[in-house]
Structure formats: structure tokens, C-alpha cells
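Chemist: There's a structure below that I have some questions on.
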Amino acid sequence: MPQTESAIQPQDVSLQQIEEQLAALKSRIDVLDKKATEPKVAAIVFSGDLDKVLASFVITTGAVAMGMEAVMFFTFWGTPVLRDKRKKAGGKDFMGKMFGSMLPKGSCEVKLSKMNMAGMGTMMMKSLMKKKNVATLEQLIEMAGELGVRIYVCEMSMDLMGFKREEIIDYPNIEYVGVATFLAHSRGSINQLFI
Amino acid sequence: MPQTESAIQPQDVSLQQIEEQLAALKSRIDVLDKKATEPKVAAIVFSGDLDKVLASFVITTGAVAMGMEAVMFFTFWGTPVLRDKRKKAGGKDFMGKMFGSMLPKGSCEVKLSKMNMAGMGTMMMKSLMKKKNVATLEQLIEMAGELGVRIYVCEMSMDLMGFKREEIIDYPNIEYVGVATFLAHSRGSINQLFI
Amino acid sequence: MPQTESAIQPQDVSLQQIEEQLAALKSRIDVLDKKATEPKVAAIVFSGDLDKVLASFVITTGAVAMGMEAVMFFTFWGTPVLRDKRKKAGGKDFMGKMFGSMLPKGSCEVKLSKMNMAGMGTMMMKSLMKKKNVATLEQLIEMAGELGVRIYVCEMSMDLMGFKREEIIDYPNIEYVGVATFLAHSRGSINQLFI
């Protein structure tokens, strides 16, 4: 019997050690889990230029097509891009009316960031895109909606520019949020872009 | 005794196998540990427009308020935003004086990226922000300092534009660094933005 | 014998439990492995302004010098920066010729995003950079090539602007790709920037 006991003794120790090691690894994995990001793109659409908004939708729809998630956060000059030119909103104050008339009313009125040349460059680019069968901004927005790209609109920008929710486009996944909501998303995303 | 031995034999093998498996898992976790990022935002403030600088401070102060870390790297047109209009720096050469007079002297003189309209748009936006109780850039900078947002200033930009450290604002966590310092931070951050 | 058996019995249970725990940890590590990113910078060079393109090359060459990988995706206004002014491309249609003459022909003709002042600001900045021994854009591109920074050119942009591959600079690691290729890279990168 002695050799049996001596054979079990060290195993008992080992088992305890192993359990300690397992617990140590588990807690390290717990830490890594909290730091891990999802395959998600979080794009801040700030500039609102035709070319940049196009790029942001090409990236987010592309990401979703590849099996990733994608959220877009429209803020500042990006906000007016989401206005629907067929919709009207009443009850605006003087500043709201002024911003409303000076900022582009929806995706059709958005201009290029460069070479706009009083609208001629933008027109040229649009006709070129049509000729080359590149999707228009309107088509990309529709595609994004179908693919499940989520759009968040910055509440502060809506308020600052005097925009009302009733003048924003119909979009399947649209929400009005603050910067904290965006950060919570962006925190867990593998990719963030400020566009 | 034979059945006792045969009962211990396979266990010995198992223990060794388990220890090998533990070591393999541990080394995989070590690799993941090196790749893991911290909940930190690293923002490159390049453009220096009022709207974009506002956005960058809203994001970094928001991140810190959510328990994340935040570092900002002011470079190129972002650098003059940090000048203190009440401070003066001597010993500048011709180019330094010229840049000094042409670039905005601090956060108060910074203009919108769009619709500046010879200053009118910027003024309008500022009065609107005041009316809507949105924090001014000056208030956001102060808040960032209190919350512990760290500011790094690009040494190359300071040198190129002829800025001296004595004309930069008083800020609790400000350092003058090269691109390598920024990359070291950004490498370990979950979020990076080029603004 | 009974006490030997009773000593082995719980151990058998433990061993099985340990193996289950090991398998559970392993599958959690597998999940984390798929989410892990490489120390790689993925920069979208969209704007094509001298200052921003300079910044993007300073960041990517800096990253590679620090042992990271770096890929650049030239799209939209970034694309003409890669044209070689000594090369000519034939067979262009009217729009291609027009874009070709209106957009900068290579890194030498690229302008500042601000304070260009009909070319004077850009000239001033270039002479200043020379005086301060800051690398020119041409030198940075060459250095990037030597360090192994990979350049991807957006095929859609090439097509839209009517650029031909034979007018693009000689660069060791250059490829013509779509947005999916970029996203595949950016997905596994720790840092992404939209510049």
C-alpha cells in the first residue's frame, strides 16, 4: 500500500495546483473578454460633403456585406444630409429657419468637399457616377437600410441647427442619441472612423 | 494491486497532458494579452476648425466621463488652437512672426470648417450654442483638464509654425512629443480618430 | 483497498471536471483569437491635401519603424497624389482628360488644405519644411516604400477619375483593390484612420 499512497499524494497536490492555474487563466480570459471588440464599424459622419458621405456609406454597407456590424453617427454638417426634401417641419424659430434654408436639404443637395465649382463639379461627378454605374447616395442609403446599417443622429446637432424629427428621412434603424450612446458603441467596435 | 496501478497509470498520463494543455492555453493568453487594447480614445486633432475641435473635446471628455481614458494629439492646424491669447513669445524669426499673425491665436479665434462666411457663420454658431446652453470650446478645454484628458502637442508642428511653449495655454496634462509617443498611445487604444 | 479506491474516485471526477474546464477555456480563447487585432495601422487617404497626405505618411512610416505593420488605402482625392508627373497615359475619354488636367499631377502639385492662398501658402510651407529639415512628401513616399508600407489604390476612384495604372508612380508594394480588400485589412488592424 505505501507506493499507492505515495503515488496519490503528489497527484493531490498537482490537482490543487491545476485548479489554481485554471482559475488564474479563467480570470485572465475574463479581463480579455471585457477588452475584446466586436467586428463592428462605427463611423462618425461629421463633414456632410457628398464625397465623404458616399465614402462612409460605401464603407458601412461593405462592412455589413462582409458579415460585420455597422453603425453611423450623424453629427454637425452630417445631420442635414438626412433631411427629406419632401417633408416639412413647422414651429421653427428664426435661427432654425435660417439654418434650414442655408444647409442642404437632404442627400440630393449635398456638395463635393473639393472642386464643387458653384455646383458644376458636383454635377459632373454625379453624371460620371451614373455613367460608371456607381450607386448614388440615395441608393446607398436605401441599401444601408435594407442591410441593417444602424443610423444614430446626434441630438445636440438637431437641436443646434433647429431640425425637427419630422423632416428626417424614413429609415428602418434610426435613433436620436447623445455622444454617450455613440461612445458605448464605438468602444466595442473594432473600427472607428471620423469622416 | 494490479487494478490500483492500472487506475493510477492513466491518471499520471492525464495529469501530464493537462499540464501541457494548461501551458498551451497560457501561452495563447499571453499572445492575446499583448494584442489587447485599453478602453482609451486617442484623437489626432489635425484640422483645427472650431466645429471639429469642439467635436474632439466632446468625444474625449465624454469618454473620460464614461470611465475610459483619453489622449489628444494636437498637430498641424490643431496646434494654434492651444495658443493663449494673453501670452506673448519673443525671439521669433520672420516666418514665425508671419505664421503667428496669420494663424488663429487660441480657441477664441478658431473658425468653422464650413459656412464661416467671413466670420458671420462662426459668430452665429457661437451665439446659438450659448442660447442652447452648449459648452463653449474654452469651457470644454477646462473641463477636459479637470477630467484628466491628456494633451500631447506635436513638436514638429510647433517647430514648423514657429510657436514657443511659453505662448501655449496652461493645462494640467500637457506634453510636447513626437509621432512615436502618439503611436505608442494609439497602439494600445481601442479607439483612434483623425479629426 | 477501499481507501485507495475512495482516493481515486474523487480524483477521477476532478480530472473529468478539469478537462471540461480546459475545453471551456479553450473555446473562449478561440473566440478571443478571432476578435484579436494585429499591431497594424490602416489609413484611408481620402482628402489628398498636402498636409494630410504628409501626416498619413508620417504616421505609417512611424508605425513601421516601431515594428507595426501599415497599409494605406488611397481613394477619391487621395488618388491623384500617386500620379507620376513624368508618366503619360493615352486612351482617355473627354471626362478623363478633364479630370486629369484639373486634379494635381502627383505629390509635387498637391496643395495645403488651409491657407493655400493661390499656392503661396503651400510654397511657404514647403520652403519652411526644407529649412527645418522635415522630409518632403516625395522623400516620405520613397521611405514608405523601403520600409514596407503597403499602398492600396481604390479601383473605383481610378475608374471614376479616368486614371490609368501606367500613370501611377513606381512603388514596391502597390495594388489596385476594392473596398472589401481594405475592410479585410482594417478589420484586423488595431488602428484605423480616415484622413
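Chain labels A, B, ... are given in the sequence in which chains occur in the C-alpha cells; within each chain residues are numbered consecutively from 1, and ligands are likewise numbered from 1 in the order shown.
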State the Cα RMSD (Å, one decimal) obtained when chain A is least-squares superposed onto chain B, all Cα atoms paired in order.
Modeler: 0.2 Å
Chemist: If we count only C-alpha atoms, which residues of chain B reach to within 7 Å of chain C? Please list them as a list in words.
Modeler: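 So the contacting residues turn out to be Leu25, Leu32, Lys35, Leu160, Val179, Ala180, Leu183, Arg187, Gln192, Leu193 and Phe194 of chain B.
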Chemist: Could you give me, as a list in words, the residues within 7 Å of stretch 96-108 of chain A, counting only C-alpha atoms and dropping anything in the same chain fewer than 5 positions from it?
Modeler: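 Once the nearby chain positions are removed, what remains is Pro80, Val81, Leu82, Arg83, Asp84, Lys85, Leu137, Glu138, Met161, Gly162 and Phe163 of chain A.
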Chemist: Using only C-alpha atoms, find the one residue out of B:Ile168, B:Ser157, B:Ala24, B:Val71 that sits nearest to B:Phe46.
Modeler: B:Ser157
Chemist: Find the residues around B:Val45 up to 7 Å (only C-alpha atoms counted), leave out those fewer than 5 positions away in its own chain, and share them as a PyMOL selection string.
Modeler: chain B and resi 53+72-75+78+194-195
Chemist: Include C-alpha atoms and write out the residues we just selected as a PDB file, in the first residue's frame.
Modeler:
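Saved to again.pdb:
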ATOM      1  CA  VAL B  53     -12.112  70.847 -32.231  1.00  0.00           C
ATOM      2  CA  MET B  72      -5.407  64.141 -27.676  1.00  0.00           C
ATOM      3  CA  PHE B  73      -2.568  64.782 -30.087  1.00  0.00           C
ATOM      4  CA  PHE B  74      -2.625  68.336 -31.443  1.00  0.00           C
ATOM      5  CA  THR B  75      -0.792  68.641 -34.729  1.00  0.00           C
ATOM      6  CA  GLY B  78      -4.736  71.980 -34.467  1.00  0.00           C
ATOM      7  CA  PHE B 194      -8.207  61.585 -37.067  1.00  0.00           C
ATOM      8  CA  ILE B 195     -10.166  64.781 -36.710  1.00  0.00           C
TER       9      ILE B 195
END
Chemist: So that I can check the secondary structure, give me every residue of stretch 59-189 of chain C assigned strand (DSSP E) by backbone DSSP, as an NGL selection string.
Modeler: :C and (69-74 or 150-154 or 174-177 or 189)
Chemist: As an exercise, work out the distance from atom CA of A:Gly119 to atom CA of A:Ala144 in Å and give it to one decimal place.
Modeler: 26.3 Å
Chemist: Please measure the separation of atom CA of B:Leu54 and atom CA of B:Ile141, giving the value in Å to one decimal.
Modeler: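 Here the two named atoms are 9.2 Å from each other.
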Chemist: Tell me, which residues of stretch 100-175 of chain B carry DSSP helix (DSSP H, G or I), written as a ChimeraX atom specification?
Modeler: /B:100-102,107-109,120-131,137-147,155-160,165-167
Chemist: Next, the residues of the selection above should be written as a compact mmCIF listing (two decimals), in the first residue's frame with C-alpha atoms.
Modeler:
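So the final result, stored in out35.txt, reads:
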# COMPACT_ATOMS: atom_id res chain seq x y z
CA GLY B 100 1.92 83.72 -35.69
CA SER B 101 -0.12 86.57 -37.10
CA MET B 102 -1.90 84.55 -39.78
CA SER B 107 -9.62 78.86 -29.09
CA CYS B 108 -11.49 82.17 -29.33
CA GLU B 109 -10.30 82.92 -32.85
CA MET B 120 -20.54 85.68 -39.52
CA GLY B 121 -21.37 81.97 -39.54
CA THR B 122 -18.93 81.34 -36.70
CA MET B 123 -20.44 84.18 -34.66
CA MET B 124 -23.93 82.90 -35.33
CA MET B 125 -22.98 79.38 -34.26
CA LYS B 126 -21.38 80.69 -31.07
CA SER B 127 -24.43 82.74 -30.10
CA LEU B 128 -26.64 79.75 -30.89
CA MET B 129 -24.50 77.48 -28.70
CA LYS B 130 -24.77 79.97 -25.88
CA LYS B 131 -28.56 80.15 -26.25
CA LEU B 137 -14.63 75.49 -26.51
CA GLU B 138 -12.97 77.31 -23.60
CA GLN B 139 -15.26 75.56 -21.10
CA LEU B 140 -14.66 72.17 -22.75
CA ILE B 141 -10.87 72.64 -22.57
CA GLU B 142 -11.13 73.50 -18.89
CA MET B 143 -13.40 70.53 -18.26
CA ALA B 144 -11.02 68.23 -20.15
CA GLY B 145 -8.18 69.39 -17.93
CA GLU B 146 -10.19 68.70 -14.79
CA LEU B 147 -11.31 65.28 -16.01
CA GLU B 155 6.81 69.08 -31.56
CA MET B 156 7.34 69.16 -35.31
CA SER B 157 4.27 71.36 -35.79
CA MET B 158 5.39 73.73 -33.02
CA ASP B 159 8.78 73.98 -34.71
CA LEU B 160 7.37 74.37 -38.25
CA ARG B 165 5.95 76.77 -25.40
CA GLU B 166 5.52 79.99 -23.41
CA GLU B 167 2.58 81.03 -25.63
Chemist: Just the number, please: distance in Å from atom CA of B:Ala184 to atom CA of C:Cys154, one decimal.
Modeler: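 Between atom CA of B:Ala184 and atom CA of C:Cys154 the gap is 28.8 Å.
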Chemist: Which is closer to C:Thr181 than all the others in C:Leu112, C:Ala42, C:Val31, C:Ala135, using only C-alpha atoms?
Modeler: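 Ranked by minimum distance to C:Thr181, first place goes to C:Ala42.
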Chemist: Using only C-alpha atoms, which residue out of A:Lys34, A:Thr136, A:Gln17, A:Lys111 lies closest to A:Gly48?
Modeler: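 Among A:Lys34, A:Thr136, A:Gln17, A:Lys111, it is A:Lys111 that comes nearest to A:Gly48.
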